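S.K.: Please read through the structure below; I'll follow up with questions.
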Amino acid sequence: MEANPRSTGRLPAAFLTPGSSSFMDFLSDHSPELLPGKRTLPPVQGAIEAPHGTTIVAASFPGGVVLAGDRRATMGNMIAQRDIEKVFPADEYSAVGIAGTAGLAVEMVKLFQLELEHFEKVEGVQLSLEGKANRLSTMIRGNLGMAMQGLAVVPLFAGYDVDRDKGRIFSYDVTGGRSEEQQGYAATGSGSIFARGSLKKLYRDDLTEEQVITAVVQALYDAADDDSATGGPDVARRIYPIVTVITEDGFRRLTDAESSEIARSILERRLAEPDGPRAALL
């Protein structure tokens with residue numbers, strides 16, 4: 001009689017010889033109930049109140065890309081958290097910014113990080129940036145059932161493409177449909193319409209890294225100015241936007257000191273110009 005692996009404490013053979021480079025496929029075969037989109041929600045009446053992440057912005061520059069997010073999470077008309085983190089490294093050359101249901105979004109990011117790490121260990125090479133964007137699309141599509149019940153996750157994915165030597169940005173809808181942003185910038189979340197409008201006037205494709213970082217923080221400030229769910233720089237609590245930069249040297253998150261310096265300089269200018277910098281008419 002063959003011993004039960006659970007009773008002997010040994011892992012099943014399938015766990016030791018994964019047949020796929022996708023950790024998602026492996027989990028679907030052996031423990032599908034652990035996937036976020038496979039869980040069954042209890043019946044509820046009315047809308048589900050859960051913390052939501054809000055505004056994420058991204059912009060590319062010659063040699064890389066910047067991905068940033070505000071720090072506020074809301075639950076209905078209430079502020080659920082003032083210092084939530086919404087931007088995470090996916091691997092050495094890419095990052096994800098989350099908008100939507102905060103708990104599911106963070107769980108999806110962690111699973112995405114594991115998916116990329118699993119692929120690299122099995123195949124011995126990193127997945128291409130295009131492949132990473134496709135994997136994230138599949139994960140979002142797997143959450144469609146939750147999204148139809150009001151628990152949507154809509155991330156922004158950005159990274160440095162080592163094959164093309166450039167920064168690239170991908171946006172998604174709740175069905176997992178993805179599109180690459182060709183204009184060089186993008187935004188998602190409740191304040192995205194205001195952040196995108198701000199970047200539309202400030203962005204140029206020849207901006208330096210420092211200038212793009214400033215433009216992105218300006219866009220977050222404009223989003224907070226018109227969207228109550230987006231949090232602006234909180235000087236009293238020393239809470240500032242999370243700003244990350246991805247170049248050929250890899251992922252780098254600006255320190256609190258760097259972020260605060262940029263935010264404070266923008267705040268100082270806004271005392272004289274509350275609506276921010278003006279774009280030229282022609």
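Scheme for the structure tokens: letters A, B, ... for chains in order shown; per-chain residue numbers from 1; ligand numbers from 1 in order shown.
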Per residue of stretch 164-234 of chain A within 10 Å of stretch 94-115 of chain A, which atom pair is closest and at what distance in Å (one decimal), using only C-alpha atoms, listed by chain and increasing number, as a Markdown table?
M.R.:
```
| residue | atom | partner | partner_atom | distance |
| --- | --- | --- | --- | --- |
| A:Gly167 | CA | A:Ser94 | CA | 9.4 |
| A:Arg168 | CA | A:Ser94 | CA | 9.4 |
| A:Ile169 | CA | A:Ser94 | CA | 9.8 |
| A:Phe170 | CA | A:Val96 | CA | 9.8 |
| A:Val174 | CA | A:Gly100 | CA | 9.7 |
| A:Ala187 | CA | A:Gly97 | CA | 9.7 |
| A:Thr188 | CA | A:Ala99 | CA | 6.8 |
| A:Gly189 | CA | A:Ala99 | CA | 5.3 |
| A:Ser190 | CA | A:Ala99 | CA | 8.2 |
```
S.K.: Export, as a short mmCIF file (atom, residue, chain, number, x, y, z; two decimals), in the first residue's frame, the selected residues with C-alpha atoms.
M.R.:
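Writing done, so here's selection00.cif:
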```cif
data_model
loop_
_atom_site.label_atom_id
_atom_site.label_comp_id
_atom_site.auth_asym_id
_atom_site.auth_seq_id
_atom_site.Cartn_x
_atom_site.Cartn_y
_atom_site.Cartn_z
CA GLY A 167 10.95 52.17 -20.71
CA ARG A 168 7.45 50.89 -21.51
CA ILE A 169 4.05 51.30 -19.84
CA PHE A 170 1.03 48.96 -19.98
CA VAL A 174 -11.06 44.77 -15.52
CA ALA A 187 -2.72 56.98 -15.18
CA THR A 188 -5.29 54.75 -13.51
CA GLY A 189 -7.56 55.01 -10.50
CA SER A 190 -10.20 57.48 -9.37
#
```
S.K.: Enumerate as a PyMOL selection string all residues of stretch 123-247 of chain A assigned to helix (DSSP H, G or I) by DSSP on the backbone, naming them with the chain letters and numbers the document uses.
M.R.: chain A and resi 123+129-142+144-148+192-202+209-226
S.K.: When you look at stretch 71-76 of chain A with a cut-off of 12 Å (counting only C-alpha atoms), what residues show up, excluding the ones that are within fewer than 2 positions of it in the same chain? I need them as a PyMOL selection string.
M.R.: chain A and resi 47-56+68-69+78-87+97-103+189-191+220-221+223-224+227-234+237-243
S.K.: Quick one: residues within 9 Å of A:Arg204, only C-alpha atoms counted, chain neighbours fewer than 5 positions away excluded, as a ChimeraX atom specification?
M.R.: /A:61,184,199,212
S.K.: Ranking A:Phe157, A:Lys201, A:Ile213, A:Thr255 by minimum distance to A:Leu281 and counting only C-alpha atoms, which one comes first?
M.R.: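 Under the stated criterion, the closest residue is A:Lys201.
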S.K.: Pick out the residues sitting within 12 Å of A:Asp163, and hand them over as a list in words; count only C-alpha atoms, and ignore anything fewer than 4 positions along from it in its own chain.
M.R.: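 After dropping sequence-adjacent residues, the list is Tyr93, Gln126, Leu127, Ser128, Leu129, Glu130, Gly159, Gly167, Arg168 and Glu248 of chain A.
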S.K.: List as a VMD selection string the protein and nucleic acid residues near A:Ala58, meaning an atom at most 6 Å away when only C-alpha atoms are counted, but skip any in the same chain fewer than 2 places from it.
M.R.: chain A and resid 66 to 67 185 to 186
S.K.: Can you pull out the residues contacting A:Glu120? Cut-off 12 Å, using only C-alpha atoms, and skip same-chain residues under 2 positions away; I want them as a PDB file with N, CA, C and O atoms, in the first residue's frame.
M.R.:
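Saved file out.pdb follows:
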```pdb
ATOM      1  N   SER A  20       5.281  23.052 -15.684  1.00  0.00           N
ATOM      2  CA  SER A  20       5.065  24.314 -16.376  1.00  0.00           C
ATOM      3  C   SER A  20       5.933  25.395 -15.752  1.00  0.00           C
ATOM      4  O   SER A  20       6.242  25.363 -14.563  1.00  0.00           O
ATOM      5  N   SER A  21       6.341  26.368 -16.574  1.00  0.00           N
ATOM      6  CA  SER A  21       7.105  27.500 -16.056  1.00  0.00           C
ATOM      7  C   SER A  21       6.202  28.535 -15.415  1.00  0.00           C
ATOM      8  O   SER A  21       6.673  29.541 -14.897  1.00  0.00           O
ATOM      9  N   SER A  22       4.890  28.290 -15.449  1.00  0.00           N
ATOM     10  CA  SER A  22       3.935  29.206 -14.844  1.00  0.00           C
ATOM     11  C   SER A  22       3.505  28.696 -13.474  1.00  0.00           C
ATOM     12  O   SER A  22       2.939  27.611 -13.357  1.00  0.00           O
ATOM     13  N   PHE A  23       3.756  29.488 -12.429  1.00  0.00           N
ATOM     14  CA  PHE A  23       3.312  29.114 -11.092  1.00  0.00           C
ATOM     15  C   PHE A  23       1.797  29.152 -11.007  1.00  0.00           C
ATOM     16  O   PHE A  23       1.190  28.373 -10.265  1.00  0.00           O
ATOM     17  N   ASP A  91       9.875  42.678 -10.424  1.00  0.00           N
ATOM     18  CA  ASP A  91      11.172  42.009 -10.420  1.00  0.00           C
ATOM     19  C   ASP A  91      12.228  43.088 -10.601  1.00  0.00           C
ATOM     20  O   ASP A  91      11.962  44.268 -10.338  1.00  0.00           O
ATOM     21  N   GLU A  92      13.413  42.729 -11.040  1.00  0.00           N
ATOM     22  CA  GLU A  92      14.511  43.684 -11.118  1.00  0.00           C
ATOM     23  C   GLU A  92      14.253  44.832 -12.081  1.00  0.00           C
ATOM     24  O   GLU A  92      14.709  45.957 -11.854  1.00  0.00           O
ATOM     25  N   GLN A 113       4.647  38.571  -8.423  1.00  0.00           N
ATOM     26  CA  GLN A 113       6.079  38.510  -8.100  1.00  0.00           C
ATOM     27  C   GLN A 113       6.553  37.062  -8.060  1.00  0.00           C
ATOM     28  O   GLN A 113       7.629  36.728  -8.582  1.00  0.00           O
ATOM     29  N   LEU A 114       5.751  36.196  -7.438  1.00  0.00           N
ATOM     30  CA  LEU A 114       6.103  34.781  -7.344  1.00  0.00           C
ATOM     31  C   LEU A 114       6.079  34.116  -8.712  1.00  0.00           C
ATOM     32  O   LEU A 114       6.919  33.260  -9.016  1.00  0.00           O
ATOM     33  N   GLU A 115       5.136  34.522  -9.549  1.00  0.00           N
ATOM     34  CA  GLU A 115       5.042  33.983 -10.910  1.00  0.00           C
ATOM     35  C   GLU A 115       6.312  34.283 -11.699  1.00  0.00           C
ATOM     36  O   GLU A 115       6.869  33.393 -12.368  1.00  0.00           O
ATOM     37  N   LEU A 116       6.812  35.506 -11.620  1.00  0.00           N
ATOM     38  CA  LEU A 116       8.014  35.883 -12.365  1.00  0.00           C
ATOM     39  C   LEU A 116       9.250  35.193 -11.803  1.00  0.00           C
ATOM     40  O   LEU A 116      10.130  34.771 -12.554  1.00  0.00           O
ATOM     41  N   GLU A 117       9.300  35.067 -10.479  1.00  0.00           N
ATOM     42  CA  GLU A 117      10.437  34.385  -9.853  1.00  0.00           C
ATOM     43  C   GLU A 117      10.443  32.899 -10.208  1.00  0.00           C
ATOM     44  O   GLU A 117      11.500  32.312 -10.478  1.00  0.00           O
ATOM     45  N   HIS A 118       9.251  32.296 -10.215  1.00  0.00           N
ATOM     46  CA  HIS A 118       9.127  30.879 -10.562  1.00  0.00           C
ATOM     47  C   HIS A 118       9.594  30.634 -11.995  1.00  0.00           C
ATOM     48  O   HIS A 118      10.339  29.677 -12.262  1.00  0.00           O
ATOM     49  N   VAL A 122      12.731  28.195 -13.159  1.00  0.00           N
ATOM     50  CA  VAL A 122      12.484  27.011 -13.991  1.00  0.00           C
ATOM     51  C   VAL A 122      13.198  27.122 -15.344  1.00  0.00           C
ATOM     52  O   VAL A 122      13.824  26.167 -15.816  1.00  0.00           O
ATOM     53  N   GLU A 123      13.120  28.311 -15.971  1.00  0.00           N
ATOM     54  CA  GLU A 123      13.669  28.487 -17.316  1.00  0.00           C
ATOM     55  C   GLU A 123      15.127  28.944 -17.320  1.00  0.00           C
ATOM     56  O   GLU A 123      15.802  28.819 -18.331  1.00  0.00           O
ATOM     57  N   GLY A 124      15.572  29.522 -16.218  1.00  0.00           N
ATOM     58  CA  GLY A 124      16.950  30.001 -16.150  1.00  0.00           C
ATOM     59  C   GLY A 124      17.166  31.364 -16.759  1.00  0.00           C
ATOM     60  O   GLY A 124      18.295  31.858 -16.797  1.00  0.00           O
ATOM     61  N   VAL A 125      16.112  32.002 -17.254  1.00  0.00           N
ATOM     62  CA  VAL A 125      16.191  33.353 -17.822  1.00  0.00           C
ATOM     63  C   VAL A 125      14.974  34.142 -17.362  1.00  0.00           C
ATOM     64  O   VAL A 125      13.963  33.571 -16.974  1.00  0.00           O
ATOM     65  N   GLN A 126      15.086  35.472 -17.440  1.00  0.00           N
ATOM     66  CA  GLN A 126      13.938  36.304 -17.116  1.00  0.00           C
ATOM     67  C   GLN A 126      12.943  36.318 -18.259  1.00  0.00           C
ATOM     68  O   GLN A 126      13.312  36.230 -19.430  1.00  0.00           O
ATOM     69  N   LEU A 127      11.678  36.413 -17.898  1.00  0.00           N
ATOM     70  CA  LEU A 127      10.629  36.586 -18.894  1.00  0.00           C
ATOM     71  C   LEU A 127      10.791  37.954 -19.545  1.00  0.00           C
ATOM     72  O   LEU A 127      11.226  38.915 -18.898  1.00  0.00           O
ATOM     73  N   SER A 128      10.468  38.071 -20.825  1.00  0.00           N
ATOM     74  CA  SER A 128      10.556  39.367 -21.498  1.00  0.00           C
ATOM     75  C   SER A 128       9.514  40.316 -20.902  1.00  0.00           C
ATOM     76  O   SER A 128       8.539  39.889 -20.267  1.00  0.00           O
ATOM     77  N   LYS A 132       5.857  39.466 -19.362  1.00  0.00           N
ATOM     78  CA  LYS A 132       5.393  39.850 -18.029  1.00  0.00           C
ATOM     79  C   LYS A 132       4.040  40.549 -18.109  1.00  0.00           C
ATOM     80  O   LYS A 132       3.138  40.286 -17.304  1.00  0.00           O
TER      81      LYS A 132
END
```
S.K.: Enter the distance from atom CA of A:Gly131 to atom CA of A:Ile246, in Å, rounded to one decimal.
M.R.: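 According to the coordinates, atom CA of A:Gly131 and atom CA of A:Ile246 are separated by 17.4 Å.
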S.K.: For atom CA of A:Tyr160 and atom CA of A:Glu261, determine how far apart the two atoms are, in Å to one decimal place.
M.R.: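 Going from atom CA of A:Tyr160 over to atom CA of A:Glu261, I get 25.5 Å.
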S.K.: As an exercise, work out the distance from atom CA of A:Val57 to atom CA of A:Phe251 in Å and give it to one decimal place.
M.R.: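 According to the coordinates, atom CA of A:Val57 and atom CA of A:Phe251 are separated by 16.2 Å.
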S.K.: Using only C-alpha atoms, pick whichever of A:Thr244, A:Ser192, A:Asn77, A:Asn143 has the shortest atom-to-atom distance to A:Ala219.
M.R.: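 Closest residue, counting only C-alpha atoms: A:Ser192.
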S.K.: Name the residues of stretch 67-228 of chain A that fall into strand (DSSP E) according to DSSP on the backbone, using the chain letters and numbers of this document, as number ranges by chain.
M.R.: A: 67-69, 73-75, 78-81, 87-91, 94-97, 100-101, 156-161, 166-172, 178-180, 185-188
S.K.: Would you export the selected residues with C-alpha atoms as a PDB file, in the first residue's frame, please?
M.R.:
```pdb
ATOM      1  CA  LEU A  67       5.918  54.823 -11.735  1.00  0.00           C
ATOM      2  CA  ALA A  68       4.350  56.626  -8.775  1.00  0.00           C
ATOM      3  CA  GLY A  69       1.266  56.594  -6.590  1.00  0.00           C
ATOM      4  CA  ALA A  73      -6.988  54.332   0.483  1.00  0.00           C
ATOM      5  CA  THR A  74     -10.713  55.024   0.760  1.00  0.00           C
ATOM      6  CA  MET A  75     -13.760  53.046   1.844  1.00  0.00           C
ATOM      7  CA  MET A  78     -14.177  57.551   4.423  1.00  0.00           C
ATOM      8  CA  ILE A  79     -10.377  57.573   4.412  1.00  0.00           C
ATOM      9  CA  ALA A  80      -9.451  53.972   5.241  1.00  0.00           C
ATOM     10  CA  GLN A  81      -5.677  54.501   5.310  1.00  0.00           C
ATOM     11  CA  VAL A  87       3.683  50.716  -6.009  1.00  0.00           C
ATOM     12  CA  PHE A  88       5.697  47.493  -5.812  1.00  0.00           C
ATOM     13  CA  PRO A  89       8.659  46.000  -7.673  1.00  0.00           C
ATOM     14  CA  ALA A  90       7.571  43.049  -9.818  1.00  0.00           C
ATOM     15  CA  ASP A  91      11.172  42.009 -10.420  1.00  0.00           C
ATOM     16  CA  SER A  94       9.579  46.131 -13.693  1.00  0.00           C
ATOM     17  CA  ALA A  95       7.023  47.445 -11.226  1.00  0.00           C
ATOM     18  CA  VAL A  96       3.266  47.383 -10.611  1.00  0.00           C
ATOM     19  CA  GLY A  97       1.050  50.160  -9.323  1.00  0.00           C
ATOM     20  CA  GLY A 100      -9.009  49.099  -7.074  1.00  0.00           C
ATOM     21  CA  THR A 101      -9.771  46.771  -4.176  1.00  0.00           C
ATOM     22  CA  LEU A 156      -0.566  49.885 -14.112  1.00  0.00           C
ATOM     23  CA  PHE A 157       2.539  47.974 -15.202  1.00  0.00           C
ATOM     24  CA  ALA A 158       5.801  49.611 -16.200  1.00  0.00           C
ATOM     25  CA  GLY A 159       9.324  48.426 -16.797  1.00  0.00           C
ATOM     26  CA  TYR A 160      12.594  48.775 -18.621  1.00  0.00           C
ATOM     27  CA  ASP A 161      12.769  46.608 -21.741  1.00  0.00           C
ATOM     28  CA  LYS A 166      13.605  51.756 -23.368  1.00  0.00           C
ATOM     29  CA  GLY A 167      10.947  52.174 -20.713  1.00  0.00           C
ATOM     30  CA  ARG A 168       7.449  50.890 -21.513  1.00  0.00           C
ATOM     31  CA  ILE A 169       4.045  51.304 -19.844  1.00  0.00           C
ATOM     32  CA  PHE A 170       1.030  48.964 -19.975  1.00  0.00           C
ATOM     33  CA  SER A 171      -2.493  49.717 -18.773  1.00  0.00           C
ATOM     34  CA  TYR A 172      -5.360  47.255 -18.215  1.00  0.00           C
ATOM     35  CA  ARG A 178      -4.063  45.378 -21.959  1.00  0.00           C
ATOM     36  CA  SER A 179      -2.718  48.189 -24.077  1.00  0.00           C
ATOM     37  CA  GLU A 180       0.713  49.753 -24.320  1.00  0.00           C
ATOM     38  CA  TYR A 185       2.483  58.444 -19.928  1.00  0.00           C
ATOM     39  CA  ALA A 186      -0.546  56.847 -18.299  1.00  0.00           C
ATOM     40  CA  ALA A 187      -2.723  56.979 -15.180  1.00  0.00           C
ATOM     41  CA  THR A 188      -5.285  54.750 -13.510  1.00  0.00           C
TER      42      THR A 188
END
```
